file query-v7.cif (mmCIF, C-alpha atoms)
data_work
#
loop_
_atom_site.label_atom_id
_atom_site.label_comp_id
_atom_site.auth_asym_id
_atom_site.auth_seq_id
_atom_site.Cartn_x
_atom_site.Cartn_y
_atom_site.Cartn_z
CA MET A 1 61.30 -79.33 65.65
CA PHE A 2 62.17 -80.51 62.14
CA SER A 3 62.45 -77.19 61.04
CA SER A 4 74.09 -59.27 63.41
CA TYR A 5 76.14 -60.34 65.97
CA SER A 6 76.63 -63.42 68.04
CA PRO A 7 73.94 -63.49 70.76
CA LEU A 8 73.11 -65.77 73.69
CA PHE A 9 69.53 -67.00 73.89
CA VAL A 10 67.80 -67.99 77.16
CA LEU A 11 64.27 -69.38 77.52
CA SER A 12 62.33 -69.84 80.85
CA PHE A 13 59.06 -71.50 81.59
CA ALA A 14 60.61 -76.81 74.58
CA THR A 15 62.99 -95.07 64.65
CA VAL A 16 61.10 -94.99 68.10
CA VAL A 17 63.27 -95.59 71.15
CA ALA A 18 61.65 -95.70 74.60
CA LEU A 19 63.84 -95.01 77.60
CA ALA A 20 63.74 -97.86 80.14
CA GLY A 21 61.37 -97.05 82.99
CA HIS A 22 59.56 -94.32 81.04
CA PRO A 23 57.14 -96.00 78.61
CA GLY A 24 56.15 -93.71 75.81
CA GLU A 25 58.79 -91.13 76.73
CA SER A 26 62.12 -90.03 75.27
CA LEU A 27 61.14 -90.91 71.74
CA LEU A 28 63.58 -90.51 68.90
CA HIS A 29 61.28 -89.18 66.24
CA HIS A 30 60.90 -89.32 62.51
CA ARG A 31 59.69 -86.12 60.96
CA SER A 32 59.82 -83.84 57.96
CA ARG A 33 61.06 -80.26 57.81
CA LYS A 34 59.90 -79.23 54.36
CA HIS A 35 59.09 -75.62 53.50
CA LEU A 36 61.35 -74.12 56.17
CA ALA A 37 62.09 -71.24 53.83
CA HIS A 38 58.64 -69.92 54.75
CA LEU A 39 59.82 -68.48 58.05
CA HIS A 40 58.72 -64.98 56.99
CA ARG A 41 61.99 -63.24 57.79
CA ASP A 42 61.24 -59.60 58.50
CA ASN A 43 64.03 -57.90 56.56
CA SER A 44 67.54 -58.51 55.28
CA ALA A 45 69.06 -56.07 57.78
CA ASN A 46 68.47 -58.67 60.50
CA TYR A 47 70.27 -61.42 58.59
CA THR A 48 74.02 -62.00 58.81
CA THR A 49 76.56 -64.73 58.09
CA ARG A 50 79.12 -64.28 60.86
CA ASP A 51 80.63 -67.23 62.74
CA ALA A 52 79.53 -68.22 66.23
CA PRO A 53 81.20 -66.21 69.01
CA ALA A 54 84.35 -67.43 70.72
CA ALA A 55 83.77 -69.01 74.12
CA LYS A 56 84.48 -66.63 76.97
CA GLY A 57 84.10 -66.23 80.71
CA GLY A 58 82.33 -63.44 82.51
CA PRO A 59 78.76 -62.14 82.20
CA MET A 60 77.19 -62.05 78.76
CA ARG A 61 75.53 -58.92 77.40
CA LEU A 62 71.77 -58.78 76.95
CA VAL A 63 70.91 -58.15 73.29
CA ASP A 64 67.17 -58.78 73.06
CA LYS A 65 64.44 -59.32 75.60
CA PHE A 66 61.00 -60.21 74.25
CA ALA A 67 58.40 -59.78 76.99
CA GLY A 68 55.22 -58.03 78.06
CA LYS A 69 52.83 -55.99 75.96
CA HIS A 70 55.24 -55.64 73.04
CA PHE A 71 56.19 -59.33 72.87
CA PHE A 72 54.47 -59.98 69.55
CA ASP A 73 56.09 -56.96 67.87
CA HIS A 74 59.21 -59.09 67.43
CA TRP A 75 57.61 -62.17 65.87
CA ASN A 76 55.93 -63.23 62.64
CA PHE A 77 52.99 -65.64 62.59
CA PHE A 78 53.46 -68.66 60.32
CA THR A 79 50.27 -69.43 58.35
CA ASP A 80 51.32 -72.09 55.83
CA SER A 81 50.25 -75.72 56.16
CA ASP A 82 52.14 -77.58 58.86
CA PRO A 83 55.34 -79.02 57.32
CA THR A 84 55.27 -81.80 59.95
CA HIS A 85 51.80 -82.94 58.81
CA GLY A 86 50.02 -82.10 62.06
CA LEU A 87 46.27 -81.73 62.43
CA VAL A 88 46.61 -77.97 62.89
CA ASP A 89 45.79 -74.78 61.07
CA TYR A 90 48.35 -72.14 62.06
CA VAL A 91 46.54 -68.81 62.17
CA SER A 92 47.56 -65.21 61.56
CA LYS A 93 48.28 -62.68 64.28
CA ASP A 94 44.89 -61.05 63.84
CA ASP A 95 43.06 -64.38 63.99
CA ALA A 96 45.15 -65.63 66.90
CA THR A 97 44.26 -62.49 68.84
CA SER A 98 40.59 -62.71 67.90
CA TYR A 99 40.32 -66.38 68.88
CA GLY A 100 42.22 -65.85 72.13
CA LEU A 101 45.16 -68.01 71.01
CA ALA A 102 47.81 -65.28 71.41
CA SER A 103 47.61 -62.81 74.26
CA VAL A 104 49.53 -60.96 76.96
CA GLY A 105 47.89 -60.73 80.36
CA ASP A 106 47.96 -57.98 82.96
CA ASP A 107 50.80 -59.94 84.59
CA ASN A 108 52.82 -59.53 81.33
CA VAL A 109 52.81 -63.30 80.74
CA THR A 110 52.54 -64.19 77.05
CA VAL A 111 50.13 -67.04 76.27
CA LEU A 112 50.23 -69.11 73.07
CA ALA A 113 47.32 -71.54 72.99
CA VAL A 114 45.59 -74.22 70.96
CA ASP A 115 41.86 -73.75 70.33
CA ASP A 116 40.02 -75.40 73.24
CA SER A 117 36.47 -74.31 72.43
CA SER A 118 35.61 -75.67 68.95
CA ARG A 119 34.42 -79.23 68.38
CA ILE A 120 35.63 -80.43 64.99
CA SER A 121 35.10 -83.58 62.94
CA VAL A 122 37.57 -86.44 63.31
CA GLY A 123 40.50 -85.88 60.94
CA SER A 124 39.99 -82.12 60.69
CA ASN A 125 42.54 -79.52 61.78
CA ARG A 126 42.42 -77.54 65.02
CA LYS A 127 43.58 -73.92 65.20
CA SER A 128 47.01 -73.34 66.72
CA VAL A 129 49.91 -70.88 66.68
CA ARG A 130 53.46 -70.96 65.32
CA ILE A 131 55.61 -67.84 65.65
CA THR A 132 59.07 -67.05 64.25
CA SER A 133 61.44 -64.32 65.43
CA LYS A 134 61.92 -61.45 62.99
CA LYS A 135 65.64 -61.41 63.78
CA SER A 136 68.08 -64.15 62.90
CA TYR A 137 71.18 -65.09 64.85
CA THR A 138 74.46 -66.93 64.40
CA GLY A 139 75.53 -68.04 67.86
CA GLY A 140 74.92 -66.69 71.33
CA LEU A 141 72.90 -67.56 74.40
CA PHE A 142 69.16 -68.13 73.97
CA VAL A 143 66.88 -68.20 77.02
CA ILE A 144 63.20 -68.84 77.59
CA ASP A 145 61.45 -68.47 80.94
CA VAL A 146 58.10 -70.25 81.18
CA ASN A 147 55.45 -70.80 83.82
CA ALA A 148 53.88 -73.66 81.84
CA MET A 149 54.01 -75.40 78.47
CA PRO A 150 51.50 -77.36 76.37
CA THR A 151 50.96 -80.87 77.70
CA GLY A 152 48.71 -83.86 77.01
CA CYS A 153 47.84 -86.52 74.49
CA ALA A 154 48.22 -85.64 70.78
CA ILE A 155 50.17 -82.48 71.67
CA TRP A 156 53.59 -81.71 70.13
CA PRO A 157 55.08 -78.39 71.34
CA ALA A 158 58.56 -77.15 70.55
CA PHE A 159 60.93 -74.28 71.15
CA TRP A 160 63.71 -74.36 68.57
CA THR A 161 65.98 -72.44 66.20
CA VAL A 162 66.41 -73.01 62.49
CA ALA A 163 67.69 -71.30 59.36
CA GLY A 164 65.08 -69.93 56.98
CA GLU A 165 66.84 -71.26 53.89
CA ASN A 166 68.81 -74.31 52.80
CA TRP A 167 67.52 -76.71 55.42
CA PRO A 168 69.25 -78.80 56.66
CA LYS A 169 72.47 -77.19 55.40
CA ASN A 170 72.40 -74.43 58.03
CA GLY A 171 71.11 -76.65 60.81
CA GLU A 172 68.32 -76.88 63.35
CA ILE A 173 68.53 -76.89 67.16
CA ASP A 174 65.57 -78.30 69.12
CA ILE A 175 65.75 -76.93 72.65
CA ILE A 176 62.39 -78.01 74.09
CA GLU A 177 60.40 -80.78 72.48
CA GLY A 178 58.22 -83.77 73.30
CA VAL A 179 54.88 -85.42 72.63
CA ASN A 180 51.84 -86.94 74.29
CA LEU A 181 52.45 -87.97 77.94
CA GLN A 182 56.22 -87.45 77.85
CA THR A 183 57.83 -85.91 80.95
CA HIS A 184 61.52 -85.83 79.91
CA ASN A 185 62.60 -83.08 77.50
CA GLN A 186 64.19 -84.15 74.22
CA MET A 187 66.93 -81.97 72.68
CA THR A 188 68.08 -82.66 69.12
CA LEU A 189 70.28 -81.35 66.30
CA HIS A 190 69.38 -81.83 62.63
CA THR A 191 72.16 -81.05 60.16
CA ALA A 192 73.75 -81.67 56.79
CA PRO A 193 75.96 -84.79 56.53
CA GLY A 194 79.09 -84.78 58.70
CA CYS A 195 77.96 -83.64 62.15
CA MET A 196 78.22 -86.19 64.98
CA LEU A 197 77.53 -86.11 68.72
CA ASP A 198 80.64 -86.98 70.74
CA LYS A 199 79.56 -89.07 73.74
CA ALA A 200 83.10 -88.82 75.14
CA ALA A 201 83.37 -85.03 74.86
CA ALA A 202 85.62 -83.33 77.40
CA PRO A 203 83.77 -81.54 80.23
CA ASN A 204 84.09 -77.92 81.26
CA LEU A 205 87.01 -77.40 83.65
CA ASN A 206 84.53 -76.76 86.48
CA ASN A 207 82.50 -79.93 85.82
CA SER A 208 83.06 -83.67 86.23
CA LYS A 209 81.27 -84.64 83.01
CA ALA A 210 80.31 -83.00 79.72
CA PHE A 211 76.53 -83.47 79.97
CA LEU A 212 73.85 -85.28 81.95
CA GLY A 213 71.41 -86.51 79.29
CA ASN A 214 70.82 -89.90 77.72
CA VAL A 215 72.03 -90.14 74.10
CA LEU A 216 69.45 -91.42 71.61
CA SER A 217 71.62 -91.17 68.48
CA THR A 218 75.04 -89.78 67.58
CA THR A 219 74.30 -89.12 63.88
CA CYS A 220 72.92 -85.63 63.31
CA ASN A 221 72.49 -85.99 59.52
CA ALA A 222 68.86 -85.08 58.79
CA LEU A 223 68.95 -87.02 55.52
CA LEU A 224 69.29 -90.36 57.35
CA ASP A 225 66.93 -92.36 59.59
CA SER A 226 63.87 -90.35 58.59
CA ASN A 227 65.42 -87.18 60.04
CA SER A 228 65.68 -88.46 63.60
CA GLY A 229 68.81 -86.34 64.20
CA CYS A 230 71.16 -86.71 67.17
CA GLY A 231 68.95 -86.50 70.23
CA VAL A 232 69.55 -86.35 73.97
CA THR A 233 66.88 -86.78 76.65
CA ASP A 234 66.99 -84.89 79.93
CA PRO A 235 67.14 -87.26 82.94
CA ASN A 236 64.96 -84.89 84.97
CA PRO A 237 61.30 -86.10 84.91
CA GLN A 238 60.13 -82.52 85.44
CA SER A 239 61.95 -81.12 82.41
CA TYR A 240 58.94 -81.34 80.08
CA GLY A 241 55.16 -81.22 80.25
CA PRO A 242 53.17 -80.99 83.50
CA GLY A 243 56.29 -80.97 85.66
CA ILE A 244 57.12 -77.47 84.46
CA GLU A 245 54.01 -75.91 85.97
CA LYS A 246 54.17 -78.13 89.08
CA GLY A 247 57.66 -76.77 89.69
CA ASN A 248 56.41 -73.16 89.45
CA GLY A 249 57.99 -72.78 86.03
CA ALA A 250 61.42 -73.30 84.52
CA VAL A 251 64.16 -71.67 82.51
CA PHE A 252 65.82 -73.23 79.46
CA ALA A 253 69.07 -71.90 78.02
CA MET A 254 70.93 -72.81 74.85
CA LEU A 255 74.52 -71.63 74.43
CA TRP A 256 75.92 -71.72 70.88
CA ASP A 257 79.57 -70.67 70.69
CA SER A 258 82.93 -71.85 69.35
CA VAL A 259 83.03 -74.74 71.86
CA GLY A 260 79.77 -76.23 70.57
CA ILE A 261 76.10 -76.24 71.55
CA ARG A 262 74.93 -76.75 75.14
CA ILE A 263 71.43 -76.82 76.63
CA TRP A 264 70.43 -76.37 80.28
CA HIS A 265 67.11 -76.84 82.06
CA PHE A 266 66.67 -75.15 85.43
CA ASN A 267 63.74 -75.62 87.80
CA ARG A 268 62.50 -72.28 89.13
CA ALA A 269 64.12 -72.84 92.52
CA ASN A 270 67.48 -73.83 91.02
CA THR A 271 67.86 -71.09 88.40
CA PRO A 272 71.30 -69.42 88.68
CA ALA A 273 71.12 -65.97 90.23
CA ASP A 274 73.09 -64.44 87.36
CA LEU A 275 70.50 -65.73 84.91
CA SER A 276 67.65 -64.27 86.95
CA ASP A 277 69.57 -60.98 87.05
CA PHE A 278 70.09 -60.94 83.25
CA THR A 279 73.88 -61.15 83.64
CA PRO A 280 74.40 -64.83 82.78
CA ASP A 281 77.84 -66.41 83.06
CA PRO A 282 77.38 -69.97 81.74
CA ILE A 283 80.92 -71.05 82.59
CA THR A 284 79.85 -70.99 86.27
CA TRP A 285 76.70 -73.08 85.72
CA PRO A 286 76.36 -76.78 86.53
CA VAL A 287 76.70 -79.59 83.97
CA PRO A 288 74.34 -79.02 81.00
CA SER A 289 71.61 -81.46 80.02
CA ALA A 290 73.07 -81.82 76.52
CA PHE A 291 76.30 -80.93 74.72
CA TRP A 292 77.40 -81.27 71.11
CA SER A 293 81.13 -80.56 70.83
CA THR A 294 82.52 -78.64 67.88
CA THR A 295 85.30 -81.27 67.67
CA THR A 296 82.89 -83.68 65.95
CA CYS A 297 80.33 -81.13 64.75
CA PRO A 298 82.04 -77.86 63.71
CA VAL A 299 79.45 -75.24 64.54
CA ASN A 300 80.64 -72.71 61.99
CA LYS A 301 80.18 -75.29 59.23
CA PHE A 302 76.76 -76.63 60.21
CA PHE A 303 74.88 -73.73 61.86
CA LYS A 304 74.17 -70.14 60.84
CA ASN A 305 71.41 -67.54 60.46
CA HIS A 306 68.83 -69.09 62.78
CA ASN A 307 65.42 -67.73 63.67
CA ILE A 308 63.73 -68.68 66.94
CA VAL A 309 60.50 -70.67 66.59
CA ILE A 310 57.77 -71.50 69.12
CA ASN A 311 54.87 -73.69 68.06
CA THR A 312 52.38 -76.36 69.07
CA SER A 313 51.43 -79.02 66.55
CA LEU A 314 48.96 -81.89 67.03
CA CYS A 315 49.52 -85.51 65.97
CA GLY A 316 51.71 -85.25 62.86
CA ASP A 317 55.00 -87.02 62.18
CA PHE A 318 56.02 -87.32 65.86
CA ALA A 319 52.99 -87.20 68.18
CA GLY A 320 50.87 -89.09 65.65
CA SER A 321 53.36 -91.86 64.92
CA THR A 322 53.99 -92.53 68.62
CA TYR A 323 50.38 -92.11 69.75
CA PRO A 324 49.42 -95.83 69.61
CA SER A 325 52.18 -96.71 72.11
CA SER A 326 51.80 -93.60 74.30
CA GLY A 327 49.08 -94.81 76.64
CA CYS A 328 46.65 -92.23 75.25
CA PRO A 329 43.01 -93.24 74.50
CA GLY A 330 41.50 -93.93 71.09
CA THR A 331 43.21 -92.51 68.02
CA CYS A 332 45.14 -89.27 67.70
CA ALA A 333 42.58 -87.81 65.27
CA GLU A 334 39.73 -88.68 67.63
CA HIS A 335 41.53 -86.95 70.47
CA VAL A 336 42.02 -83.79 68.41
CA ALA A 337 38.29 -83.56 67.69
CA ASP A 338 37.36 -82.86 71.34
CA PRO A 339 38.21 -79.31 72.50
CA ALA A 340 38.20 -80.34 76.16
CA ASN A 341 41.48 -82.18 75.55
CA PHE A 342 43.35 -78.92 74.94
CA VAL A 343 42.65 -76.85 78.03
CA ASN A 344 46.30 -77.36 79.03
CA ALA A 345 47.75 -76.83 75.55
CA LYS A 346 49.25 -73.45 76.42
CA TRP A 347 52.67 -71.84 76.51
CA LYS A 348 52.88 -69.33 79.37
CA ILE A 349 56.02 -67.32 78.71
CA ASN A 350 57.61 -64.72 80.95
CA TYR A 351 60.26 -63.79 78.42
CA VAL A 352 62.59 -64.89 75.67
CA ALA A 353 66.06 -63.32 75.79
CA THR A 354 69.22 -63.41 73.70
CA TYR A 355 72.75 -62.57 74.79
CA GLN A 356 76.21 -62.26 73.31
#

call {"tool": "encode", "arguments": {"input": "query-v7.cif", "output": "structure tokens"}}
result
Amino acid sequence: MFSSYSPLFVLSFATVVALAGHPGESLLHHRSRKHLAHLHRDNSANYTTRDAPAAKGGPMRLVDKFAGKHFFDHWNFFTDSDPTHGLVDYVSKDDATSYGLASVGDDNVTVLAVDDSSRISVGSNRKSVRITSKKSYTGGLFVIDVNAMPTGCAIWPAFWTVAGENWPKNGEIDIIEGVNLQTHNQMTLHTAPGCMLDKAAAPNLNNSKAFLGNVLSTTCNALLDSNSGCGVTDPNPQSYGPGIEKGNGAVFAMLWDSVGIRIWHFNRANTPADLSDFTPDPITWPVPSAFWSTTTCPVNKFFKNHNIVINTSLCGDFAGSTYPSSGCPGTCAEHVADPANFVNAKWKINYVATYQ
């Protein structure tokens, strides 16, 4: 999206440029990240300014695991107007629970949903959820395990990290993101001036190349090109949207250390055993989907004190601007008015974990 120790975070389960062969997909987006200071940080004790951890081999140590009945104890509900101009009203924890938009089932799966029962007038806002971790982090491994994610026309879900103050000075990392009928995940950095994506970055010693994805832009400066950032699309057509659920879920992992920032997407069947066992050793993993090397984007200069954010917007700066060319019917606002269009607008999360 647009907007202590060194942990690792792992997630299981996320100018217009269309990637050849995928009309309406892999869209480099223009968006606004105003009002990011309103992340509702829980308390100053969870806020530090240390550098990212040094890269290392061997299993990483589990720091936080957010899952099950106590999942929501670790998150704040954002209730301000959507800074990306979506047709959504983000609701409080009490309202989200009452409306059935935030729940944990008997199977311990956390569901974050968009209202799919209320018919609204065209141009009005639909109820949705945006949550922000109470803790902030500078570096580590971030993981999310999901069974499904929001998908469909007008829908703009994201799983990302961002600093609560001084955006874009302290950076933003979009781990899972896409819009409308997209099927390829888009991963993007948004930073202060000076950070660049190195397309010729050196690979890990165990790998033949640095990353697998398709580069959309090498300039990460959020103050240029309407904040399109430096994006990379995943070549896997099941890395976003309906393919996640069809593949029985997926795991996404973002590693932020002294080497740079790397993002992996694993289908359920191909998830590394060490990740499933909560003893991840990323140096043994296959080539990541995306990699931003610290040689051209020094992580300790551009990223610090990030909170984790999960949200689903509708239309807005990204899904709305690309809607006419997406293959979706009518207008974005007309689509939002019909609740039947949002039956599949749900995050189904097994856990979010952080490591160091």

call {"tool": "closest_atom_pairs", "arguments": {"input": "query-v7.cif", "of": "stretch 120-147 of chain A", "to": "stretch 90-101 of chain A", "cutoff": "9 Å", "atoms": "all atoms listed in the file", "output": "Markdown table"}}
result
| residue | atom | partner | partner_atom | distance |
| --- | --- | --- | --- | --- |
| A:Arg126 | CA | A:Tyr90 | CA | 8.5 |
| A:Lys127 | CA | A:Tyr90 | CA | 6.0 |
| A:Ser128 | CA | A:Tyr90 | CA | 5.0 |
| A:Val129 | CA | A:Tyr90 | CA | 5.0 |
| A:Arg130 | CA | A:Tyr90 | CA | 6.2 |

call {"tool": "closest_residue", "arguments": {"input": "query-v7.cif", "among": "A:Phe252, A:Trp167, A:Phe72, A:Tyr323", "to": "A:Leu223", "atoms": "all atoms listed in the file"}}
result
A:Trp167

call {"tool": "resolve_selection", "arguments": {"input": "query-v7.cif", "expression": "the PyMOL selection byres ((chain A and resi 87) around 7)", "output": "list in words"}}
result
His85, Gly86, Val88, Ser124, Asn125, Arg126, Leu314, Cys315 and Gly316 of chain A

call {"tool": "closest_residue", "arguments": {"input": "query-v7.cif", "among": "A:Pro288, A:Pro329, A:Pro237, A:Gly229", "to": "A:Arg262", "atoms": "all atoms listed in the file"}}
result
A:Pro288

call {"tool": "closest_residue", "arguments": {"input": "query-v7.cif", "among": "A:Ser103, A:Thr183, A:Asn147, A:Ser133", "to": "A:Glu245", "atoms": "all atoms listed in the file"}}
result
A:Asn147

call {"tool": "residues_around", "arguments": {"input": "query-v7.cif", "residues": "A:Pro339", "least_positions_apart": "2", "cutoff": "9 Å", "atoms": "all atoms listed in the file", "output": "list in words"}}
result
Asp115, Asp116, Ser117, Ser118, Arg119, Ile120, Arg126, His335, Val336, Ala337, Asn341, Phe342 and Val343 of chain A

call {"tool": "decode", "arguments": {"input": "query-v7.cif", "residues": "stretch 314-333 of chain A", "atoms": "N, CA, C and O atoms", "output": "JSON list (two decimals), in the first residue's frame"}}
result
[["chain", "number", "residue", "atom", "x", "y", "z"],
["A", 314, "LEU", "N", -11.53, -0.30, -1.62],
["A", 314, "LEU", "CA", -12.36, -0.50, -2.81],
["A", 314, "LEU", "C", -12.20, 0.72, -3.72],
["A", 314, "LEU", "O", -12.25, 1.86, -3.25],
["A", 315, "CYS", "N", -12.00, 0.47, -5.00],
["A", 315, "CYS", "CA", -11.78, 1.54, -5.99],
["A", 315, "CYS", "C", -10.56, 2.35, -5.59],
["A", 315, "CYS", "O", -9.48, 1.81, -5.49],
["A", 316, "GLY", "N", -10.70, 3.63, -5.33],
["A", 316, "GLY", "CA", -9.57, 4.43, -4.86],
["A", 316, "GLY", "C", -8.52, 4.69, -5.94],
["A", 316, "GLY", "O", -8.74, 4.50, -7.13],
["A", 317, "ASP", "N", -7.32, 5.10, -5.47],
["A", 317, "ASP", "CA", -6.27, 5.57, -6.38],
["A", 317, "ASP", "C", -5.74, 4.48, -7.30],
["A", 317, "ASP", "O", -5.21, 4.78, -8.37],
["A", 318, "PHE", "N", -5.84, 3.21, -6.91],
["A", 318, "PHE", "CA", -5.29, 2.12, -7.71],
["A", 318, "PHE", "C", -6.40, 1.32, -8.41],
["A", 318, "PHE", "O", -6.49, 1.31, -9.63],
["A", 319, "ALA", "N", -7.27, 0.68, -7.64],
["A", 319, "ALA", "CA", -8.33, -0.12, -8.25],
["A", 319, "ALA", "C", -9.29, 0.73, -9.06],
["A", 319, "ALA", "O", -9.81, 0.29, -10.10],
["A", 320, "GLY", "N", -9.53, 1.97, -8.62],
["A", 320, "GLY", "CA", -10.44, 2.85, -9.34],
["A", 320, "GLY", "C", -9.84, 3.36, -10.64],
["A", 320, "GLY", "O", -10.50, 3.37, -11.69],
["A", 321, "SER", "N", -8.57, 3.76, -10.59],
["A", 321, "SER", "CA", -7.94, 4.32, -11.79],
["A", 321, "SER", "C", -7.72, 3.29, -12.88],
["A", 321, "SER", "O", -7.72, 3.60, -14.07],
["A", 322, "THR", "N", -7.56, 2.02, -12.50],
["A", 322, "THR", "CA", -7.34, 0.96, -13.49],
["A", 322, "THR", "C", -8.62, 0.21, -13.84],
["A", 322, "THR", "O", -8.60, -0.65, -14.74],
["A", 323, "TYR", "N", -9.71, 0.51, -13.17],
["A", 323, "TYR", "CA", -10.96, -0.22, -13.39],
["A", 323, "TYR", "C", -11.43, -0.20, -14.85],
["A", 323, "TYR", "O", -11.81, -1.25, -15.38],
["A", 324, "PRO", "N", -11.40, 0.95, -15.54],
["A", 324, "PRO", "CA", -11.92, 0.98, -16.92],
["A", 324, "PRO", "C", -11.20, 0.02, -17.87],
["A", 324, "PRO", "O", -11.79, -0.44, -18.85],
["A", 325, "SER", "N", -9.94, -0.30, -17.60],
["A", 325, "SER", "CA", -9.18, -1.19, -18.48],
["A", 325, "SER", "C", -9.03, -2.59, -17.91],
["A", 325, "SER", "O", -8.27, -3.41, -18.44],
["A", 326, "SER", "N", -9.76, -2.91, -16.84],
["A", 326, "SER", "CA", -9.58, -4.17, -16.12],
["A", 326, "SER", "C", -10.40, -5.33, -16.65],
["A", 326, "SER", "O", -10.17, -6.48, -16.28],
["A", 327, "GLY", "N", -11.39, -5.02, -17.49],
["A", 327, "GLY", "CA", -12.32, -6.05, -17.93],
["A", 327, "GLY", "C", -13.50, -6.22, -17.01],
["A", 327, "GLY", "O", -14.33, -7.13, -17.22],
["A", 328, "CYS", "N", -13.61, -5.38, -16.00],
["A", 328, "CYS", "CA", -14.74, -5.43, -15.06],
["A", 328, "CYS", "C", -15.94, -4.66, -15.63],
["A", 328, "CYS", "O", -15.76, -3.70, -16.38],
["A", 329, "PRO", "N", -17.16, -5.02, -15.24],
["A", 329, "PRO", "CA", -18.37, -4.40, -15.81],
["A", 329, "PRO", "C", -18.68, -3.04, -15.20],
["A", 329, "PRO", "O", -18.36, -2.76, -14.04],
["A", 330, "GLY", "N", -19.36, -2.19, -15.99],
["A", 330, "GLY", "CA", -19.85, -0.91, -15.50],
["A", 330, "GLY", "C", -18.75, -0.02, -14.97],
["A", 330, "GLY", "O", -17.63, -0.01, -15.46],
["A", 331, "THR", "N", -19.09, 0.75, -13.92],
["A", 331, "THR", "CA", -18.11, 1.61, -13.27],
["A", 331, "THR", "C", -17.74, 1.03, -11.92],
["A", 331, "THR", "O", -18.46, 0.19, -11.36],
["A", 332, "CYS", "N", -16.63, 1.50, -11.37],
["A", 332, "CYS", "CA", -16.18, 0.99, -10.08],
["A", 332, "CYS", "C", -17.21, 1.30, -8.99],
["A", 332, "CYS", "O", -17.54, 0.45, -8.15],
["A", 333, "ALA", "N", -17.74, 2.53, -9.00],
["A", 333, "ALA", "CA", -18.72, 2.92, -7.98],
["A", 333, "ALA", "C", -19.98, 2.09, -8.08],
["A", 333, "ALA", "O", -20.59, 1.72, -7.06]]
